[in-house]
>>> print(open('start_36.cif').read())   # mmCIF, C-alpha atoms
data_coords
loop_
_atom_site.label_atom_id
_atom_site.label_comp_id
_atom_site.auth_asym_id
_atom_site.auth_seq_id
_atom_site.Cartn_x
_atom_site.Cartn_y
_atom_site.Cartn_z
CA TYR A 1 28.83 25.51 31.90
CA SER A 2 30.40 22.58 33.76
CA GLN A 3 29.71 18.97 34.63
CA SER A 4 28.55 19.93 38.13
CA HIS A 5 26.13 22.47 36.62
CA LEU A 6 24.79 19.82 34.24
CA LEU A 7 24.25 17.38 37.10
CA GLU A 8 22.32 20.03 39.02
CA GLU A 9 20.11 20.67 36.00
CA LEU A 10 19.54 16.95 35.48
CA GLU A 11 18.57 16.50 39.11
CA TYR A 12 16.02 19.29 38.78
CA VAL A 13 14.58 17.76 35.61
CA GLN A 14 14.43 14.27 37.08
CA ASP A 15 12.57 15.56 40.13
CA ALA A 16 9.98 17.20 37.87
CA LEU A 17 9.59 14.07 35.78
CA SER A 18 9.03 11.88 38.83
CA SER A 19 5.74 13.59 39.65
CA PRO A 20 2.67 11.43 38.94
CA GLU A 21 0.74 12.68 35.92
CA THR A 22 -2.35 14.64 36.93
CA GLU A 23 -4.34 17.55 35.55
CA GLU A 24 -2.17 19.84 37.69
CA THR A 25 1.25 18.31 36.90
CA TRP A 26 1.26 17.17 33.28
CA ASP A 27 2.17 20.61 31.95
CA SER A 28 5.21 20.84 34.22
CA ILE A 29 6.24 17.34 33.13
CA ALA A 30 6.08 18.47 29.50
CA ASP A 31 8.21 21.52 30.38
CA ALA A 32 10.75 19.26 32.11
CA LEU A 33 10.99 17.13 28.97
CA GLY A 34 11.70 20.26 26.92
CA ARG A 35 14.40 21.30 29.38
CA PHE A 36 15.90 17.80 29.32
CA GLY A 37 15.98 17.98 25.53
CA ALA A 38 17.87 21.27 25.68
CA LEU A 39 20.41 19.67 28.02
CA CYS A 40 20.91 16.85 25.51
CA THR A 41 21.38 19.29 22.65
CA GLY A 42 23.94 21.34 24.54
CA ASN A 43 25.91 18.62 26.32
CA ALA A 44 25.75 15.37 24.33
CA GLU A 45 29.25 15.68 22.89
CA THR A 46 30.88 16.70 26.19
CA TYR A 47 29.02 14.64 28.79
CA PRO A 48 27.30 11.70 27.07
CA ALA A 49 27.76 9.33 30.01
CA ASP A 50 25.92 11.66 32.40
CA LEU A 51 23.02 12.10 29.99
CA ILE A 52 22.77 8.36 29.35
CA SER A 53 22.76 7.69 33.08
CA ALA A 54 19.96 10.21 33.58
CA LEU A 55 17.98 8.76 30.67
CA ARG A 56 18.32 5.28 32.09
CA THR A 57 17.29 6.40 35.58
CA SER A 58 14.29 8.35 34.25
CA SER A 59 13.16 5.76 31.70
CA ARG A 60 10.00 4.86 33.62
CA PRO A 61 8.52 8.38 33.92
CA ILE A 62 9.58 9.22 30.35
CA THR A 63 7.92 6.10 28.89
CA SER A 64 4.89 6.87 31.04
CA ALA A 65 4.74 10.30 29.38
CA LEU A 66 5.11 8.65 25.97
CA ASN A 67 2.11 6.46 26.74
CA SER A 68 0.00 9.32 28.09
CA GLU A 69 -3.48 9.75 26.66
CA ARG A 70 -2.82 13.51 26.62
CA THR A 71 -1.76 14.30 23.07
CA ARG A 72 0.43 17.25 24.08
CA LEU A 73 2.29 15.36 26.80
CA SER A 74 2.87 12.31 24.64
CA GLY A 75 4.00 14.64 21.84
CA ALA A 76 6.43 16.40 24.18
CA ALA A 77 7.86 13.03 25.22
CA THR A 78 8.18 11.86 21.60
CA ASN A 79 9.86 15.11 20.59
CA PHE A 80 12.22 14.75 23.54
CA MET A 81 13.14 11.21 22.50
CA THR A 82 13.89 12.42 18.97
CA THR A 83 16.12 15.17 20.38
CA ALA A 84 17.95 12.74 22.67
CA VAL A 85 18.53 10.27 19.84
CA THR A 86 19.78 12.85 17.34
CA SER A 87 22.03 14.43 19.98
CA LEU A 88 23.58 11.23 21.35
CA THR A 89 23.56 9.26 18.04
CA SER A 90 25.34 5.90 18.55
CA GLU A 91 25.82 6.64 22.27
CA PHE A 92 22.07 6.07 22.66
CA GLU A 93 22.36 2.36 21.79
CA PRO A 94 22.37 0.95 25.37
CA LEU A 95 19.08 2.77 26.01
CA ILE A 96 17.21 1.03 23.17
CA PRO A 97 15.69 -1.70 25.43
CA HIS A 98 14.34 1.04 27.71
CA TYR A 99 12.64 3.14 25.04
CA LEU A 100 12.08 1.36 21.73
CA PRO A 101 9.31 -0.97 23.04
CA ALA A 102 7.36 2.08 24.26
CA LEU A 103 7.74 3.81 20.88
CA LEU A 104 6.55 0.67 19.11
CA THR A 105 3.56 0.44 21.46
CA LEU A 106 2.58 3.96 20.40
CA CYS A 107 2.19 2.62 16.87
CA THR A 108 -0.84 0.62 18.02
CA ARG A 109 -2.87 3.75 18.78
CA ALA A 110 -5.99 4.52 16.77
CA ASN A 111 -5.00 8.20 16.60
CA LYS A 112 -2.70 8.68 13.60
CA VAL A 113 -1.00 11.65 15.26
CA PHE A 114 0.48 9.31 17.90
CA VAL A 115 1.45 6.75 15.26
CA ASN A 116 3.12 9.20 12.90
CA ARG A 117 5.13 10.80 15.71
CA ALA A 118 6.29 7.41 16.93
CA LYS A 119 7.26 6.24 13.43
CA ALA A 120 9.27 9.42 12.81
CA CYS A 121 11.08 8.96 16.12
CA ILE A 122 11.83 5.29 15.37
CA ALA A 123 13.23 6.30 11.97
CA GLU A 124 15.59 8.76 13.71
CA LEU A 125 16.57 6.00 16.14
CA VAL A 126 17.44 3.64 13.28
CA GLN A 127 19.39 6.22 11.30
CA ASN A 128 21.30 7.78 14.20
CA THR A 129 22.22 4.72 16.25
CA GLN A 130 22.44 2.08 13.48
CA ALA A 131 22.14 -0.44 16.30
CA PRO A 132 21.58 -4.06 15.14
CA SER A 133 19.49 -4.76 18.26
CA ILE A 134 16.66 -2.76 16.64
CA ILE A 135 16.17 -5.67 14.23
CA HIS A 136 15.16 -7.91 17.12
CA TYR A 137 12.36 -5.61 18.25
CA CYS A 138 11.08 -5.17 14.68
CA SER A 139 11.00 -8.92 14.08
CA ILE A 140 8.84 -9.40 17.17
CA SER A 141 6.48 -6.50 16.46
CA VAL A 142 5.83 -7.56 12.87
CA THR A 143 3.68 -10.42 14.19
CA ASP A 144 1.53 -8.23 16.47
CA LYS A 145 -2.25 -8.18 16.08
CA SER A 146 -2.16 -4.41 15.38
CA VAL A 147 -1.92 -3.69 11.65
CA SER A 148 -0.44 -0.23 12.25
CA LEU A 149 2.32 -1.71 14.43
CA ARG A 150 3.09 -4.48 11.93
CA LEU A 151 3.41 -1.87 9.20
CA ALA A 152 5.58 0.41 11.37
CA ALA A 153 7.83 -2.52 12.29
CA ALA A 154 8.16 -3.61 8.65
CA ASP A 155 9.02 -0.03 7.61
CA ALA A 156 11.61 0.20 10.39
CA MET A 157 13.14 -3.11 9.30
CA MET A 158 13.33 -1.82 5.74
CA LEU A 159 15.16 1.26 7.00
CA CYS A 160 17.56 -1.01 8.91
CA LEU A 161 18.44 -2.81 5.69
CA LYS A 162 19.05 0.52 3.98
CA CYS A 163 21.18 2.07 6.76
CA PHE A 164 23.11 -0.69 8.51
CA ASN A 165 26.48 -2.09 7.54
CA PRO A 166 26.08 -5.47 5.75
CA PRO A 167 28.45 -7.26 8.21
CA ASP A 168 26.01 -6.42 11.02
CA LEU A 169 23.14 -7.87 9.02
CA GLU A 170 25.06 -11.04 8.17
CA LYS A 171 25.40 -12.14 11.79
CA GLU A 172 23.44 -15.36 12.21
CA GLN A 173 20.93 -14.14 14.78
CA ARG A 174 20.15 -10.88 12.95
CA ALA A 175 19.93 -12.63 9.58
CA LYS A 176 17.44 -15.13 11.00
CA GLU A 177 15.32 -12.30 12.40
CA ILE A 178 15.31 -10.55 9.02
CA GLU A 179 14.29 -13.80 7.33
CA ALA A 180 11.51 -14.36 9.87
CA THR A 181 10.24 -10.86 9.14
CA ILE A 182 10.23 -11.51 5.39
CA ARG A 183 8.38 -14.78 5.93
CA SER A 184 5.79 -13.12 8.17
CA THR A 185 5.19 -10.11 5.94
CA ALA A 186 4.88 -12.32 2.87
CA VAL A 187 1.60 -13.74 4.19
CA ASP A 188 0.32 -10.76 6.16
CA ALA A 189 -3.41 -10.00 5.93
CA SER A 190 -2.61 -6.36 5.12
CA ALA A 191 -1.70 -5.53 1.53
CA ASP A 192 0.39 -2.59 2.76
CA VAL A 193 2.47 -4.86 4.98
CA ARG A 194 2.91 -7.39 2.16
CA LYS A 195 4.09 -4.56 -0.11
CA VAL A 196 6.84 -3.66 2.38
CA GLY A 197 7.62 -7.37 2.71
CA LYS A 198 8.34 -7.56 -1.02
CA LYS A 199 10.73 -4.61 -0.70
CA LEU A 200 12.42 -6.33 2.22
CA PHE A 201 12.98 -9.45 0.13
CA GLU A 202 14.42 -7.44 -2.77
CA ALA A 203 16.85 -5.69 -0.42
CA TYR A 204 17.69 -8.99 1.28
CA LYS A 205 18.64 -10.58 -2.06
CA ILE A 206 21.22 -7.84 -2.63
CA LEU A 207 22.59 -7.64 0.92
CA LEU A 208 22.66 -11.32 1.87
CA PRO A 209 22.98 -13.31 -1.38
CA GLY A 210 24.75 -16.18 0.40
CA ARG A 211 21.64 -16.87 2.49
CA LEU A 212 19.12 -16.45 -0.32
CA HIS A 213 18.55 -20.20 -0.81
CA LYS A 214 17.65 -20.66 2.88
CA CYS A 215 15.18 -17.80 2.77
CA VAL A 216 13.50 -19.01 -0.43
CA VAL A 217 13.16 -22.54 0.95
CA SER A 218 11.64 -21.08 4.14
CA ILE A 219 9.08 -19.07 2.16
CA LEU A 220 8.22 -22.03 -0.07
CA SER A 221 7.46 -24.10 3.05
CA ILE A 222 4.45 -21.86 3.67
CA PRO A 223 1.26 -23.72 2.65
CA ILE A 224 0.29 -22.90 -0.92
CA HIS A 225 -3.24 -21.71 0.02
CA VAL A 226 -1.69 -19.15 2.38
CA LEU A 227 0.70 -17.89 -0.28
CA THR A 228 -2.14 -17.71 -2.79
CA TYR A 229 -4.18 -15.60 -0.35
CA ALA A 230 -1.21 -13.31 0.29
CA CYS A 231 -0.79 -12.66 -3.41
CA VAL A 232 -4.36 -11.43 -3.83
#
>>> encode(input="start_36.cif", output="structure tokens")
Amino acid sequence: YSQSHLLEELEYVQDALSSPETEETWDSIADALGRFGALCTGNAETYPADLISALRTSSRPITSALNSERTRLSGAATNFMTTAVTSLTSEFEPLIPHYLPALLTLCTRANKVFVNRAKACIAELVQNTQAPSIIHYCSISVTDKSVSLRLAAADAMMLCLKCFNPPDLEKEQRAKEIEATIRSTAVDASADVRKVGKKLFEAYKILLPGRLHKCVVSILSIPIHVLTYACV
């Protein structure tokens, strides 16, 4: 009902989240995440700065919940992140370094439930924030040893190319990271990753035609036996 009321609620939630995860506490942590999500839904437009501050302060226990081996707790944390992102939209951008690496790490899990939740949350993050910094994290993750993470990162990069404004993509650093991703996915051991890599290159040709020559030269510098393997 007021900023002071919101701050009281956030303090209560943060206290609950700070409890170490045990068999006795994990359920209350999940409940606190649900309550935090409701606060985001109801107050994001009026008090975004207070919510962002609370999210930054509580990033460690929230990412710990994301990484929990308990499916229900990790699911509650992932659902909360989706709610926070869709409520705060572009206001969430400064929190990306705190949360995106944890979401990407979830994509390395063997359990597809964890992976699919994380990928859906990352997609919401891309679409709602449209933050160019996401490109950096995708370009790093696309070289990881985990196939599921490489595929998730390539898919997220593809979504970036679909959603972001071309001027943001044209900035030198971001363009280089996109090109590095295309180069990496072009020779990936996974056919699924290479398939996304081809889509990335097709989108790149349309969005950044002025840099096309550089990218082609970079790809052609890959040893021919590697390219031949990648085409199989």
>>> closest_residue(input="start_36.cif", among="A:Ser53, A:Thr181, A:Ser64, A:Ser4", to="A:Leu17", atoms="all atoms listed in the file")
A:Ser64
>>> residues_near_point(input="start_36.cif", point="(11.8, 23.2, 22.2)", cutoff="12 Å", atoms="all atoms listed in the file", output="list in words")
Ala30, Asp31, Ala32, Leu33, Gly34, Arg35, Phe36, Gly37, Ala38, Leu39, Cys40, Thr41, Gly75, Ala76, Ala77, Thr78, Asn79, Phe80, Thr82 and Thr83 of chain A
>>> atom_distance(input="start_36.cif", atom1="atom CA of A:Leu212", atom2="atom CA of A:Pro166")
14.3 Å
>>> closest_residue(input="start_36.cif", among="A:Leu161, A:Leu125, A:Cys138, A:Ile206", to="A:Ser184", atoms="only C-alpha atoms")
A:Cys138
>>> atom_distance(input="start_36.cif", atom1="atom CA of A:Asn128", atom2="atom CA of A:Glu93")
9.4 Å
>>> residues_around(input="start_36.cif", residues="A:Ser146", least_positions_apart="6", cutoff="12 Å", atoms="all atoms listed in the file", output="number ranges by chain")
A: 104-110, 115, 152-153, 188-190, 193
